[in-house]
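One file, input_15.txt, carrying compact mmCIF, C-alpha atoms:
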# COMPACT_ATOMS: atom_id res chain seq x y z
CA MET B 57 -5.35 36.44 -40.12
CA ASN B 58 -3.72 33.56 -41.96
CA ALA B 59 -6.66 32.02 -43.79
CA ALA B 60 -4.81 28.74 -44.28
CA GLU B 61 -5.07 27.77 -40.61
CA PRO B 62 -7.98 27.71 -38.14
CA LEU B 63 -7.53 30.10 -35.26
CA VAL B 64 -7.49 29.05 -31.61
CA VAL B 65 -8.77 31.71 -29.22
CA ASP B 66 -6.46 31.55 -26.24
CA GLU B 67 -7.93 34.37 -24.15
CA LEU B 68 -11.50 35.50 -23.52
CA LEU B 69 -11.96 39.19 -22.79
CA GLY B 70 -15.72 39.66 -22.59
CA ARG B 71 -19.17 38.99 -23.96
CA PHE B 72 -21.35 40.98 -26.35
CA ALA B 73 -24.45 41.14 -24.17
CA ALA B 74 -26.79 42.37 -26.91
CA ALA B 75 -26.12 39.40 -29.22
CA SER B 76 -28.90 36.81 -29.50
CA ASN B 77 -26.37 33.96 -29.51
CA LEU B 78 -23.26 33.56 -27.36
CA THR B 79 -20.76 36.01 -28.86
CA LEU B 80 -17.43 36.65 -27.19
CA LEU B 81 -14.49 38.98 -27.59
CA GLY B 82 -11.29 37.02 -27.56
CA ARG B 83 -7.67 37.21 -28.48
CA ALA B 84 -5.42 34.94 -30.53
CA ALA B 85 -1.74 35.70 -31.09
CA GLY B 86 -2.37 39.25 -29.90
CA GLU B 87 -5.23 39.88 -32.35
CA LEU B 88 -8.74 40.78 -31.23
CA LEU B 89 -11.41 38.45 -32.56
CA VAL B 90 -15.12 37.83 -32.29
CA TYR B 91 -15.61 34.22 -31.23
CA LYS B 92 -18.96 32.45 -31.67
CA PRO B 93 -18.84 28.90 -30.32
CA THR B 94 -21.35 26.54 -31.91
CA ALA B 95 -22.34 25.36 -28.42
CA GLY B 96 -23.79 28.82 -27.76
CA ILE B 97 -26.12 28.92 -30.77
CA ARG B 98 -29.82 29.24 -29.97
CA PRO B 99 -31.87 26.68 -31.95
CA LEU B 100 -34.29 27.94 -34.63
CA TRP B 101 -36.95 25.89 -36.37
CA ASP B 102 -35.62 26.62 -39.87
CA PHE B 103 -31.84 26.74 -39.30
CA SER B 104 -29.86 23.93 -37.74
CA PRO B 105 -27.77 25.19 -34.77
CA GLU B 106 -24.79 23.24 -36.13
CA THR B 107 -24.58 25.31 -39.32
CA PRO B 108 -24.38 29.08 -38.55
CA ALA B 109 -20.56 28.97 -38.37
CA ALA B 110 -20.39 27.49 -41.86
CA ARG B 111 -22.93 30.04 -43.12
CA GLU B 112 -20.85 32.92 -41.74
CA ILE B 113 -17.68 31.54 -43.33
CA LEU B 114 -19.36 30.95 -46.68
CA THR B 115 -20.79 34.47 -46.70
CA PHE B 116 -17.24 35.77 -46.31
CA ARG B 117 -16.08 33.45 -49.09
CA VAL B 118 -18.85 34.67 -51.42
CA ALA B 119 -18.06 38.30 -50.62
CA GLN B 120 -14.40 37.59 -51.38
CA ALA B 121 -15.28 35.93 -54.67
CA MET B 122 -17.32 38.98 -55.68
CA GLY B 123 -14.64 41.45 -54.67
CA LEU B 124 -16.91 42.93 -52.01
CA GLU B 125 -14.73 43.96 -49.11
CA VAL B 126 -17.60 44.40 -46.66
CA VAL B 127 -17.30 41.28 -44.45
CA PRO B 128 -14.41 41.09 -41.95
CA ASP B 129 -12.08 38.10 -42.31
CA THR B 130 -14.10 35.10 -41.09
CA ARG B 131 -13.15 31.46 -40.66
CA TRP B 132 -13.22 28.37 -38.49
CA GLY B 133 -11.95 28.73 -34.98
CA ASP B 134 -11.73 27.01 -31.65
CA GLY B 135 -11.47 28.15 -28.07
CA PRO B 136 -12.32 27.49 -24.44
CA LEU B 137 -15.98 26.83 -25.31
CA GLY B 138 -15.31 24.61 -28.28
CA PRO B 139 -15.34 24.96 -32.06
CA GLY B 140 -17.19 27.67 -33.91
CA VAL B 141 -16.43 30.69 -36.04
CA VAL B 142 -14.00 33.57 -35.51
CA GLN B 143 -14.03 36.96 -37.19
CA ARG B 144 -11.66 39.91 -37.11
CA PHE B 145 -12.94 42.37 -34.53
CA VAL B 146 -14.00 45.71 -35.97
CA GLU B 147 -13.90 48.60 -33.51
CA PRO B 148 -17.19 50.41 -34.26
CA ASP B 149 -17.45 54.17 -34.45
CA PRO B 150 -19.91 55.03 -31.64
CA ALA B 151 -21.07 58.13 -33.51
CA PHE B 152 -22.12 56.17 -36.60
CA ASP B 153 -25.87 55.98 -37.24
CA PRO B 154 -26.66 53.25 -39.80
CA LEU B 155 -30.31 54.31 -39.90
CA ALA B 156 -29.40 57.46 -41.81
CA LEU B 157 -27.82 55.39 -44.59
CA VAL B 158 -30.65 52.86 -44.56
CA ALA B 159 -33.38 55.52 -44.73
CA ARG B 160 -31.98 57.06 -47.90
CA ALA B 161 -30.79 53.79 -49.46
CA ASP B 162 -27.29 55.21 -49.64
CA GLU B 163 -25.19 53.86 -52.51
CA ALA B 164 -22.53 52.79 -50.02
CA LEU B 165 -24.93 50.01 -48.95
CA TRP B 166 -25.28 48.50 -52.43
CA PRO B 167 -22.53 45.88 -51.88
CA VAL B 168 -24.28 44.74 -48.70
CA ALA B 169 -27.65 44.61 -50.45
CA ILE B 170 -26.23 42.52 -53.30
CA LEU B 171 -24.52 40.16 -50.87
CA ASP B 172 -27.79 39.69 -49.00
CA LEU B 173 -29.65 38.88 -52.22
CA VAL B 174 -27.06 36.31 -53.23
CA THR B 175 -26.82 34.64 -49.82
CA ASN B 176 -30.56 34.89 -49.08
CA ASN B 177 -29.88 36.66 -45.79
CA ALA B 178 -32.77 36.20 -43.38
CA ASP B 179 -31.47 38.66 -40.80
CA ARG B 180 -30.09 41.94 -42.19
CA LYS B 181 -30.62 44.33 -39.32
CA ALA B 182 -29.46 47.93 -39.20
CA GLY B 183 -27.29 47.09 -36.20
CA HIS B 184 -25.32 44.66 -38.35
CA LEU B 185 -23.85 47.61 -40.27
CA LEU B 186 -20.71 49.07 -38.70
CA SER B 187 -18.45 51.98 -39.47
CA GLU B 188 -14.90 51.21 -38.36
CA ALA B 189 -13.50 53.73 -35.91
CA GLY B 190 -10.64 55.72 -37.35
CA THR B 191 -11.23 54.71 -40.98
CA GLY B 192 -14.97 55.13 -41.56
CA ARG B 193 -14.96 51.90 -43.54
CA LEU B 194 -18.34 50.17 -43.75
CA TRP B 195 -18.62 46.56 -42.62
CA ALA B 196 -21.47 44.05 -42.50
CA ILE B 197 -21.52 41.39 -39.78
CA ASP B 198 -23.70 38.55 -38.44
CA HIS B 199 -24.35 36.18 -41.33
CA GLY B 200 -25.43 33.02 -39.55
CA LEU B 201 -28.90 32.95 -41.15
CA THR B 202 -27.97 32.72 -44.80
CA PHE B 203 -28.04 30.24 -47.73
CA HIS B 204 -31.42 28.71 -46.92
CA PRO B 205 -32.76 26.93 -50.03
CA GLU B 206 -36.19 28.54 -49.55
CA PRO B 207 -36.80 32.29 -50.01
CA LYS B 208 -35.96 33.86 -46.65
CA LEU B 209 -34.71 37.37 -47.43
CA ARG B 210 -35.48 39.65 -44.49
CA THR B 211 -33.71 42.98 -44.57
CA VAL B 212 -33.92 46.65 -43.67
CA LEU B 213 -32.50 47.51 -47.10
CA TRP B 214 -35.77 47.46 -49.06
CA GLY B 215 -35.07 51.06 -50.05
CA PHE B 216 -33.27 49.57 -53.06
CA SER B 217 -36.45 47.84 -54.26
CA GLY B 218 -37.02 48.21 -58.00
CA LYS B 219 -33.65 49.85 -58.57
CA ALA B 220 -31.21 48.55 -61.17
CA LEU B 221 -28.10 46.90 -59.78
CA PRO B 222 -24.97 49.00 -60.40
CA ALA B 223 -23.04 47.77 -63.44
CA HIS B 224 -19.90 46.90 -61.50
CA LEU B 225 -21.92 44.71 -59.16
CA VAL B 226 -23.55 42.92 -62.08
CA GLY B 227 -19.99 42.19 -63.16
CA ALA B 228 -19.28 40.88 -59.65
CA LEU B 229 -22.14 38.41 -60.11
CA ALA B 230 -20.45 37.07 -63.24
CA THR B 231 -17.21 36.70 -61.30
CA LEU B 232 -19.06 34.83 -58.55
CA GLU B 233 -20.64 32.49 -61.09
CA GLY B 234 -17.15 31.60 -62.28
CA ALA B 235 -16.00 31.02 -58.70
CA LEU B 236 -18.94 28.71 -58.08
CA ALA B 237 -18.01 26.64 -61.11
CA GLY B 238 -14.40 26.69 -59.96
CA GLY B 239 -15.04 24.99 -56.64
CA LEU B 240 -17.01 27.34 -54.40
CA GLU B 241 -20.30 25.59 -55.17
CA GLU B 242 -18.75 22.30 -54.11
CA GLU B 243 -17.62 23.93 -50.89
CA VAL B 244 -21.20 25.03 -50.18
CA THR B 245 -22.40 21.51 -50.94
CA GLN B 246 -19.92 19.98 -48.52
CA LEU B 247 -20.66 22.40 -45.69
CA LEU B 248 -24.42 22.87 -46.07
CA GLY B 249 -25.79 20.47 -48.69
CA PRO B 250 -26.75 20.24 -52.36
CA ALA B 251 -30.03 22.12 -51.96
CA GLU B 252 -28.25 25.17 -50.55
CA ALA B 253 -25.63 25.05 -53.29
CA ALA B 254 -28.20 24.71 -56.09
CA SER B 255 -30.33 27.56 -54.75
CA LEU B 256 -27.26 29.80 -54.51
CA ARG B 257 -26.43 29.10 -58.14
CA ARG B 258 -30.05 29.85 -59.17
CA ARG B 259 -30.10 33.16 -57.31
CA VAL B 260 -26.89 34.29 -58.98
CA ARG B 261 -28.15 33.35 -62.44
CA PHE B 262 -31.51 35.02 -61.83
CA LEU B 263 -29.88 38.28 -60.74
CA ARG B 264 -27.64 38.24 -63.79
CA ARG B 265 -30.66 37.84 -66.07
CA ARG B 266 -32.73 40.38 -64.16
CA PRO B 267 -30.32 42.81 -62.46
CA THR B 268 -32.89 44.64 -60.35
CA HIS B 269 -33.37 44.62 -56.60
CA PRO B 270 -36.65 42.78 -55.87
CA GLU B 271 -39.69 44.22 -54.14
CA PRO B 272 -40.54 43.07 -50.60
CA PRO B 273 -42.45 39.77 -50.49
CA ARG B 274 -46.11 39.82 -49.50
CA ASP B 275 -46.39 36.24 -48.30
CA ARG B 276 -44.04 36.59 -45.30
CA HIS B 277 -42.46 39.20 -43.03
CA PRO B 278 -39.88 41.09 -45.12
CA VAL B 279 -38.05 42.78 -42.21
CA PRO B 280 -36.23 41.02 -39.36
CA TRP B 281 -37.39 41.61 -35.82
CA PRO B 282 -36.13 43.59 -34.11
CA PRO B 283 -35.00 45.59 -37.15
CA TYR B 284 -32.03 47.02 -35.25
Would you mind writing the structure in this file as structure tokens?
Amino acid sequence: MNAAEPLVVDELLGRFAAASNLTLLGRAAGELLVYKPTAGIRPLWDFSPETPAAREILTFRVAQAMGLEVVPDTRWGDGPLGPGVVQRFVEPDPAFDPLALVARADEALWPVAILDLVTNNADRKAGHLLSEAGTGRLWAIDHGLTFHPEPKLRTVLWGFSGKALPAHLVGALATLEGALAGGLEEEVTQLLGPAEAASLRRRVRFLRRRPTHPEPPRDRHPVPWPPY
């Protein structure tokens, strides 16, 4: 996708029935896309229904800044049901079982775990981990509940708890800190607000000072429900 222009979905092909919010398969210029119109977002008490599209886009931007190629190309879009977010469709391998990787805290999941720590992901389910059919490439999707200024991390990846972050990912944190200073933090401020931007900066700095995956919190539910 050309990241310089928003995409207009010109054809709807179906709906992902298992998704909690309205999530559609569409096509734009012959390319398959996942289309999430803002009008189809279910309200939550702690996340404004107007912001998940921006949160998904910013998660992609953060992953890009860190050199983590685990989030499919994601940006603003429009379509028959109004504005929202569009993402490159990943054809999942039906034989892939993410639970096997999660259970053993496979090193292939480290980039996803780091991204979730940085973005304060409140909804990392096992079903949000895909292996692309034909390539076996691992992707992470569904990032609408991220960047909250309060601690919200809920994830199935607690198998990394207490483990040191891989050195190359600590380096990716330094790269992200530079990107924040170079304009990404201002982008977060404009799309979500100063509290979200400041908390993102603090999380990055904290992880650089203490490059260890945290333990699960005891004052709130640490795993999303349902976990898959």
- region 133-142 of chain B: which residues within 6 Å, counting all atoms listed in the file, same-chain residues fewer than 3 positions away excluded, as a list in words? Pro62, Leu63, Val64, Val65, Val90, Tyr91, Lys92, Pro93, Thr94, Ala109 and Thr130 of chain B
Might you pull out every residue within 10 Å of Pro282 (chain B), with all atoms listed in the file counted and same-chain residues fewer than 6 positions away left off, and present them as an mmCIF file with C-alpha atoms, in the frame of the given file?
data_model
loop_
_atom_site.group_PDB
_atom_site.id
_atom_site.type_symbol
_atom_site.label_atom_id
_atom_site.label_comp_id
_atom_site.auth_asym_id
_atom_site.auth_seq_id
_atom_site.Cartn_x
_atom_site.Cartn_y
_atom_site.Cartn_z
ATOM 1 C CA ASP B 179 -31.470 38.660 -40.800
ATOM 2 C CA LYS B 181 -30.620 44.330 -39.320
ATOM 3 C CA ALA B 182 -29.460 47.930 -39.200
ATOM 4 C CA GLY B 183 -27.290 47.090 -36.200
#
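For the set B:Leu213, B:Leu124, B:Leu68, B:Leu232, the residue with the smallest atom-to-atom gap to Gly86 (chain B) is B:Leu68, counting all atoms listed in the file.
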- Message: Neighbouring residues of Phe145 (chain B) were defined as those with any atom within 10 Å, considering only C-alpha atoms; residues of the same chain fewer than 3 positions away were excluded. Please report them as number ranges by chain.
- Response: B: 81-83, 87-91, 128-130, 142, 148, 188
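Considering all atoms listed in the file, the residue among B:Arg71, B:Arg180, B:Arg160, B:Arg264 positioned nearest to Lys208 (chain B) is B:Arg180.
For the residues B:His184, B:Arg98, B:Arg265, B:Arg144, ranking by smallest atom-to-atom distance to Val212 (chain B) using only C-alpha atoms places B:His184 first.
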- Query: Skipping near chain neighbours, those fewer than 4 positions away, what residues fall within 10 Å of region 215-217 of chain B using all atoms listed in the file, listed as a VMD selection string?
  - Reply: chain B and resid 158 to 163 165 to 166 169 to 170 211 221 268 to 272
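Pairwise distance (CA of Asp149 (chain B), CA of Thr191 (chain B)) equals 9.0 Å.
The interatomic distance for the pair CA of Gln246 (chain B) and CA of Ile113 (chain B) works out to 12.9 Å.
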- Query: How many Å separate CA of Glu67 (chain B) from CA of Glu125 (chain B)?
  - Reply: 27.6 Å
- Item | Which residue of B:Pro167, B:Pro205, B:Gly234, B:Pro150 approaches Pro250 (chain B) most closely, using all atoms listed in the file | B:Pro205
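The shortest atom-to-atom distance to Ala151 (chain B), with all atoms listed in the file taken into account, belongs to B:Leu186 out of B:Leu171, B:Leu186, B:Leu236, B:Leu248.
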- Near Pro267 (chain B), counting all atoms listed in the file, which residues have an atom at most 12 Å away, once you skip same-chain residues fewer than 2 positions from it, shown as number ranges by chain? B: 170, 173-174, 216-230, 259-265, 269-270
- Message: Given all atoms listed in the file as the basis, pick out the residue of B:Leu209, B:Ser255, B:Phe116, B:Ala235 nearest to Asp275 (chain B).
- Response: B:Leu209
Generate a file for region 89-121 of chain B, containing N, CA and C atoms, as a tab-separated table (two decimals), in the first residue's frame.
chain	number	residue	atom	x	y	z
B	89	LEU	N	-7.96	-6.15	1.87
B	89	LEU	CA	-7.72	-5.37	3.08
B	89	LEU	C	-8.70	-5.74	4.18
B	90	VAL	N	-8.26	-5.56	5.41
B	90	VAL	CA	-9.17	-5.62	6.55
B	90	VAL	C	-9.62	-4.19	6.83
B	91	TYR	N	-10.92	-4.00	6.88
B	91	TYR	CA	-11.51	-2.67	7.03
B	91	TYR	C	-12.32	-2.64	8.32
B	92	LYS	N	-11.94	-1.72	9.22
B	92	LYS	CA	-12.63	-1.57	10.50
B	92	LYS	C	-13.20	-0.15	10.58
B	93	PRO	N	-14.46	0.03	10.23
B	93	PRO	CA	-15.05	1.36	10.32
B	93	PRO	C	-15.26	1.78	11.76
B	94	THR	N	-14.96	3.02	12.06
B	94	THR	CA	-15.12	3.53	13.42
B	94	THR	C	-16.56	3.40	13.90
B	95	ALA	N	-17.51	3.50	12.99
B	95	ALA	CA	-18.93	3.39	13.35
B	95	ALA	C	-19.27	2.02	13.92
B	96	GLY	N	-18.43	1.01	13.67
B	96	GLY	CA	-18.71	-0.33	14.17
B	96	GLY	C	-17.96	-0.71	15.43
B	97	ILE	N	-17.35	0.28	16.09
B	97	ILE	CA	-16.59	0.01	17.31
B	97	ILE	C	-17.54	-0.08	18.52
B	98	ARG	N	-17.39	-1.12	19.30
B	98	ARG	CA	-18.19	-1.28	20.51
B	98	ARG	C	-17.60	-0.43	21.63
B	99	PRO	N	-18.39	0.42	22.28
B	99	PRO	CA	-17.86	1.29	23.34
B	99	PRO	C	-17.33	0.50	24.52
B	100	LEU	N	-16.23	0.96	25.11
B	100	LEU	CA	-15.67	0.43	26.35
B	100	LEU	C	-15.53	1.58	27.34
B	101	TRP	N	-15.55	1.26	28.61
B	101	TRP	CA	-15.53	2.33	29.62
B	101	TRP	C	-14.19	3.05	29.65
B	102	ASP	N	-13.10	2.37	29.27
B	102	ASP	CA	-11.78	2.98	29.42
B	102	ASP	C	-11.11	3.33	28.09
B	103	PHE	N	-11.76	3.07	26.96
B	103	PHE	CA	-11.23	3.45	25.66
B	103	PHE	C	-12.34	4.10	24.84
B	104	SER	N	-12.09	5.31	24.38
B	104	SER	CA	-13.08	6.00	23.57
B	104	SER	C	-13.27	5.27	22.25
B	105	PRO	N	-14.52	5.07	21.80
B	105	PRO	CA	-14.74	4.36	20.53
B	105	PRO	C	-14.26	5.12	19.31
B	106	GLU	N	-13.91	6.40	19.48
B	106	GLU	CA	-13.40	7.19	18.35
B	106	GLU	C	-11.91	6.97	18.11
B	107	THR	N	-11.22	6.30	19.05
B	107	THR	CA	-9.75	6.26	18.97
B	107	THR	C	-9.11	4.93	18.55
B	108	PRO	N	-9.79	3.78	18.51
B	108	PRO	CA	-9.08	2.55	18.15
B	108	PRO	C	-8.37	2.60	16.80
B	109	ALA	N	-8.94	3.29	15.81
B	109	ALA	CA	-8.26	3.37	14.51
B	109	ALA	C	-6.90	4.03	14.67
B	110	ALA	N	-6.86	5.15	15.39
B	110	ALA	CA	-5.59	5.84	15.62
B	110	ALA	C	-4.62	4.95	16.40
B	111	ARG	N	-5.12	4.19	17.37
B	111	ARG	CA	-4.26	3.32	18.16
B	111	ARG	C	-3.65	2.21	17.29
B	112	GLU	N	-4.45	1.67	16.38
B	112	GLU	CA	-3.93	0.64	15.47
B	112	GLU	C	-2.84	1.22	14.56
B	113	ILE	N	-3.10	2.41	14.03
B	113	ILE	CA	-2.13	3.04	13.13
B	113	ILE	C	-0.85	3.38	13.87
B	114	LEU	N	-0.97	3.90	15.07
B	114	LEU	CA	0.22	4.27	15.85
B	114	LEU	C	1.02	3.04	16.27
B	115	THR	N	0.34	1.93	16.54
B	115	THR	CA	1.08	0.70	16.85
B	115	THR	C	1.93	0.28	15.65
B	116	PHE	N	1.36	0.38	14.46
B	116	PHE	CA	2.13	0.08	13.25
B	116	PHE	C	3.30	1.04	13.11
B	117	ARG	N	3.08	2.33	13.40
B	117	ARG	CA	4.14	3.32	13.29
B	117	ARG	C	5.25	3.04	14.29
B	118	VAL	N	4.89	2.65	15.51
B	118	VAL	CA	5.90	2.32	16.52
B	118	VAL	C	6.69	1.08	16.09
B	119	ALA	N	5.98	0.07	15.62
B	119	ALA	CA	6.67	-1.14	15.15
B	119	ALA	C	7.64	-0.81	14.01
B	120	GLN	N	7.20	0.05	13.11
B	120	GLN	CA	8.08	0.49	12.02
B	120	GLN	C	9.33	1.17	12.57
B	121	ALA	N	9.11	2.09	13.51
B	121	ALA	CA	10.23	2.85	14.07
B	121	ALA	C	11.24	1.95	14.76
